[in-house]
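Dumped coords39.cif below, it's mmCIF, C-alpha atoms:
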data_model
loop_
_atom_site.label_atom_id
_atom_site.label_comp_id
_atom_site.auth_asym_id
_atom_site.auth_seq_id
_atom_site.Cartn_x
_atom_site.Cartn_y
_atom_site.Cartn_z
CA MET A 277 -20.30 14.75 -10.14
CA GLN A 278 -17.80 15.78 -12.79
CA ALA A 279 -14.28 14.61 -11.93
CA PHE A 280 -10.97 14.50 -13.76
CA LEU A 281 -7.48 13.24 -13.11
CA ILE A 282 -5.15 15.71 -14.74
CA ARG A 283 -1.78 14.21 -15.51
CA VAL A 284 0.87 16.84 -14.81
CA THR A 285 4.40 16.49 -16.12
CA GLU A 286 7.78 17.78 -15.10
CA ASP A 287 8.02 19.84 -18.30
CA GLY A 288 4.78 21.73 -17.60
CA LYS A 289 2.24 19.79 -19.63
CA ALA A 290 -1.23 18.81 -18.43
CA GLN A 291 -3.49 16.10 -19.84
CA PRO A 292 -7.03 15.71 -18.46
CA VAL A 293 -8.49 12.23 -18.02
CA PRO A 294 -12.23 12.19 -17.23
CA LEU A 295 -13.42 9.83 -14.51
CA THR A 296 -16.57 8.58 -16.21
CA HIS A 297 -16.77 5.09 -14.66
CA ASP A 298 -17.88 4.14 -11.16
CA ARG A 299 -14.55 2.27 -10.91
CA THR A 300 -11.45 3.55 -12.73
CA LEU A 301 -8.60 1.06 -12.71
CA ILE A 302 -5.01 2.30 -13.11
CA GLY A 303 -2.31 -0.17 -14.16
CA ARG A 304 -0.38 -1.84 -16.98
CA LEU A 305 -2.98 -4.32 -18.23
CA ASP A 306 -5.36 -3.71 -21.14
CA ASP A 307 -8.44 -3.96 -18.90
CA CYS A 308 -7.39 -0.78 -17.04
CA GLN A 309 -9.17 2.47 -17.92
CA ILE A 310 -5.88 4.33 -17.39
CA ARG A 311 -3.08 2.20 -18.85
CA VAL A 312 0.50 3.07 -18.03
CA ARG A 313 3.28 1.10 -19.68
CA SER A 314 5.91 1.25 -16.97
CA GLY A 315 7.71 -1.36 -14.91
CA LYS A 316 7.19 0.86 -11.85
CA ILE A 317 3.45 0.36 -12.09
CA SER A 318 1.70 -2.90 -11.22
CA ARG A 319 -0.65 -4.71 -13.57
CA HIS A 320 -3.59 -3.55 -11.44
CA HIS A 321 -1.96 -0.79 -9.38
CA CYS A 322 -4.82 1.18 -7.86
CA GLU A 323 -8.41 2.19 -8.43
CA ILE A 324 -10.63 5.21 -7.97
CA ILE A 325 -14.17 4.49 -6.84
CA LYS A 326 -16.90 7.05 -7.50
CA GLU A 327 -19.89 6.70 -5.16
CA GLY A 328 -22.35 9.58 -5.27
CA GLN A 329 -20.34 12.71 -4.48
CA THR A 330 -17.35 10.81 -3.06
CA LEU A 331 -14.13 9.67 -4.74
CA THR A 332 -12.00 7.05 -3.01
CA LEU A 333 -8.45 6.05 -3.96
CA ARG A 334 -7.54 2.43 -3.16
CA ASP A 335 -4.16 0.72 -3.65
CA LEU A 336 -4.54 -2.82 -5.03
CA GLY A 337 -1.45 -4.35 -3.44
CA SER A 338 0.95 -2.61 -5.80
CA SER A 339 4.67 -3.27 -5.56
CA ASN A 340 5.76 0.36 -5.44
CA GLY A 341 2.80 1.88 -3.63
CA THR A 342 0.20 4.54 -4.32
CA TYR A 343 0.81 8.02 -2.95
CA LEU A 344 -1.61 10.78 -2.05
CA ASN A 345 0.00 14.17 -1.41
CA GLN A 346 3.37 12.38 -0.98
CA ASP A 347 2.06 9.95 1.65
CA GLN A 348 1.73 6.28 0.83
CA VAL A 349 -1.89 5.19 1.23
CA GLN A 350 -3.90 1.99 1.13
CA GLU A 351 -7.26 3.76 0.89
CA SER A 352 -8.24 7.38 1.20
CA GLU A 353 -11.03 9.76 0.24
CA LEU A 354 -10.04 12.25 -2.46
CA LYS A 355 -10.76 15.97 -2.55
CA ALA A 356 -10.19 18.64 -5.19
CA GLY A 357 -6.52 19.62 -5.46
CA ASP A 358 -5.13 16.31 -4.18
CA LEU A 359 -2.05 14.91 -5.93
CA ILE A 360 -1.84 11.20 -6.71
CA ALA A 361 1.53 9.62 -7.59
CA VAL A 362 1.63 6.25 -9.32
CA GLY A 363 5.15 5.26 -10.34
CA SER A 364 6.66 8.40 -11.85
CA MET A 365 3.28 9.79 -12.92
CA VAL A 366 1.48 12.54 -11.02
CA PHE A 367 -2.24 13.30 -11.30
CA LEU A 368 -4.11 16.32 -9.96
CA VAL A 369 -7.64 15.58 -8.75
CA GLN A 370 -10.12 18.06 -10.22
CA ILE A 371 -13.72 17.93 -8.97
CA GLU A 372 -16.46 20.17 -10.39
CA GLY A 373 -13.80 22.32 -12.08
CA GLN A 374 -11.78 22.89 -8.90
CA PRO A 375 -8.98 23.79 -8.79
CA GLU A 376 -9.47 26.02 -11.82
CA GLU A 377 -5.90 27.19 -12.23
CA PHE A 378 -2.68 25.29 -11.53
CA GLU A 379 0.95 25.12 -12.62
CA PRO A 380 1.72 21.57 -13.82
CA GLU A 381 5.51 21.65 -13.31
CA LEU A 382 5.11 22.82 -9.69
CA LEU A 383 2.41 20.25 -9.02
CA TYR A 384 4.62 17.52 -10.46
CA GLU A 385 7.37 18.40 -7.98
CA ASP A 386 4.83 18.55 -5.14
CA GLY A 387 3.31 15.20 -6.11
CA ILE A 388 6.40 13.03 -6.43
CA PRO A 389 7.12 11.44 -3.05
CA GLU A 390 10.55 11.92 -1.55
CA LYS A 391 12.70 8.87 -2.01
CA VAL A 392 13.10 6.86 1.18
CA GLU A 393 16.44 5.15 1.63
CA PRO A 394 15.92 1.41 2.09
CA ASP A 395 17.08 -0.28 5.27
CA SER A 396 20.60 -1.46 4.36
CA GLN A 397 20.19 -4.85 6.08
CA TYR A 398 16.92 -5.46 4.24
CA ALA A 399 18.42 -4.35 0.92
CA ALA A 400 21.48 -6.58 1.36
CA ALA A 401 19.34 -9.59 2.24
CA HIS A 402 16.98 -9.02 -0.70
CA THR A 403 19.43 -8.13 -3.46
CA PRO A 404 18.81 -10.41 -6.43
CA LYS A 405 21.61 -12.77 -7.37
CA PRO A 406 23.00 -12.46 -10.91
CA VAL A 407 21.51 -14.88 -13.40
CA HIS A 408 23.81 -16.47 -15.95
CA LEU A 409 21.62 -17.02 -18.98
CA HIS A 410 24.29 -18.82 -20.98
CA ALA A 411 26.13 -21.01 -18.50
CA PRO A 412 28.30 -23.63 -20.22
CA THR A 413 27.29 -27.28 -20.01
CA ALA A 414 29.63 -30.21 -19.40
CA SER A 415 29.90 -30.72 -23.17
CA GLY A 416 31.18 -27.19 -23.68
CA ASP A 417 27.92 -26.10 -25.34
CA ASP A 418 27.10 -22.52 -24.37
CA SER A 419 23.33 -22.87 -24.81
CA SER A 420 21.02 -21.84 -22.01
CA MET A 421 19.81 -25.40 -21.43
CA MET A 422 21.67 -27.64 -19.01
CA ASP A 423 21.35 -31.40 -18.83
CA PHE A 424 20.72 -33.08 -15.51
CA ASN A 425 20.40 -36.80 -14.91
CA PHE A 426 17.78 -37.72 -12.34
CA GLU A 427 16.57 -41.16 -11.51
CA PHE A 428 13.24 -41.68 -9.83
CA ASP A 429 12.26 -44.85 -8.03
CA LEU A 430 8.64 -45.42 -8.90
CA ASP A 431 8.36 -48.73 -7.03
CA ASP A 432 6.24 -48.82 -3.90
CA ASP A 433 8.80 -50.64 -1.80
CA ASP A 434 9.37 -49.85 1.85
CA GLU A 435 12.97 -48.73 1.45
CA LYS A 436 13.62 -45.19 2.53
CA GLN A 437 14.38 -42.86 -0.33
CA PRO A 438 17.23 -40.42 0.07
CA PRO A 439 16.22 -36.74 -0.02
CA LEU A 440 16.74 -34.93 -3.30
#

Whole structure, structure tokens version:
Amino acid sequence: MQAFLIRVTEDGKAQPVPLTHDRTLIGRLDDCQIRVRSGKISRHHCEIIKEGQTLTLRDLGSSNGTYLNQDQVQESELKAGDLIAVGSMVFLVQIEGQPEEFEPELLYEDGIPEKVEPDSQYAAAHTPKPVHLHAPTASGDDSSMMDFNFEFDLDDDDEKQPPL
């Protein structure tokens, strides 16, 4: 079976990527067959498995999800004309030359999933706290290292130790 992922872009460009391996890994790491340098894409984001005449898309526990025709999926069989979204990248699935003709900029719009507003209570509870990289120390030094004095009792006596 001859299969391609065709990267389609918002500005109308198309770049074919042949699926020549039985397992094509998409992610940020160097061991991925399709490497994407983006913080929106996990180190090992998803994979495409080729078994006989079947292609299967499988999410690998990615942070931002893998989308097939705008629906988030964990695993799904692929067919010609499907659109895969990984981060802000959109790929058209082409199998045995089908679909023959396509308009990349329209497919890009069709492939990007609609943004879902997060649950406000969840977002508020999971908003990262600001990190002060250069907090001043007691000595007035503005380096990023802070000194703490800890004492550890290494004796095996029976006295109860206070909690840290």

Exercise for the section: Please identify all polymer residues within 9 Å of segment 316-332 of chain A, counting all atoms listed in the file, omitting same-chain residues fewer than 5 positions from it, and present them as a PyMOL selection string. Expected result: chain A and resi 277+279+295-308+337-342+351-355+362-364

Problem - Hits from the PyMOL selection byres ((chain A and resi 358) around 7), listed as a list of chain:residue names - result: A:Leu344, A:Asn345, A:Leu354, A:Lys355, A:Ala356, A:Gly357, A:Leu359, A:Ile360, A:Leu368, A:Val369

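Minimum distance to Asp287 of chain A across A:Glu377, A:Glu390, A:Glu372, A:Glu385 (counting only C-alpha atoms) occurs at A:Glu385.
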
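The space between atom CA of Ile310 of chain A and atom CA of Gln278 of chain A spans 17.2 Å.
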
Problem - A:Ile282, A:Ile371, A:Ala361, A:Val293 ranked by distance to Asp347 of chain A, top pick (using all atoms listed in the file) - result: A:Ala361

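Every residue within 6 Å of the file position (6.1, 20.0, -13.6), judged by all atoms listed in the file, is given as Thr285, Glu286, Asp287, Gly288, Pro380, Glu381, Leu382, Leu383, Tyr384 and Glu385 of chain A.
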
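Across the structure, atom CA of Leu336 of chain A and atom CA of Phe378 of chain A are spaced 28.9 Å apart.
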
Handout entry: Coordinates-based distance that separates atom CA of Leu281 of chain A from atom CA of Val349 of chain A (Å, one decimal)
Key = 17.4 Å

Might I get the box with edges along x, y and z of the file that holds all atoms of segment 301-309 of chain A listed there, padded by 3 Å on every side, given as centre and edge lengths in Å to one decimal, as JSON?
{"center_x": -4.8, "center_y": -0.9, "center_z": -16.9, "size_x": 14.8, "size_y": 12.8, "size_z": 14.4}

Exercise for the section: Measuring atom to atom with all atoms listed in the file, identify which of A:Phe367, A:Pro389, A:Pro375, A:Arg313 is nearest to Pro294 of chain A. Expected result: A:Phe367
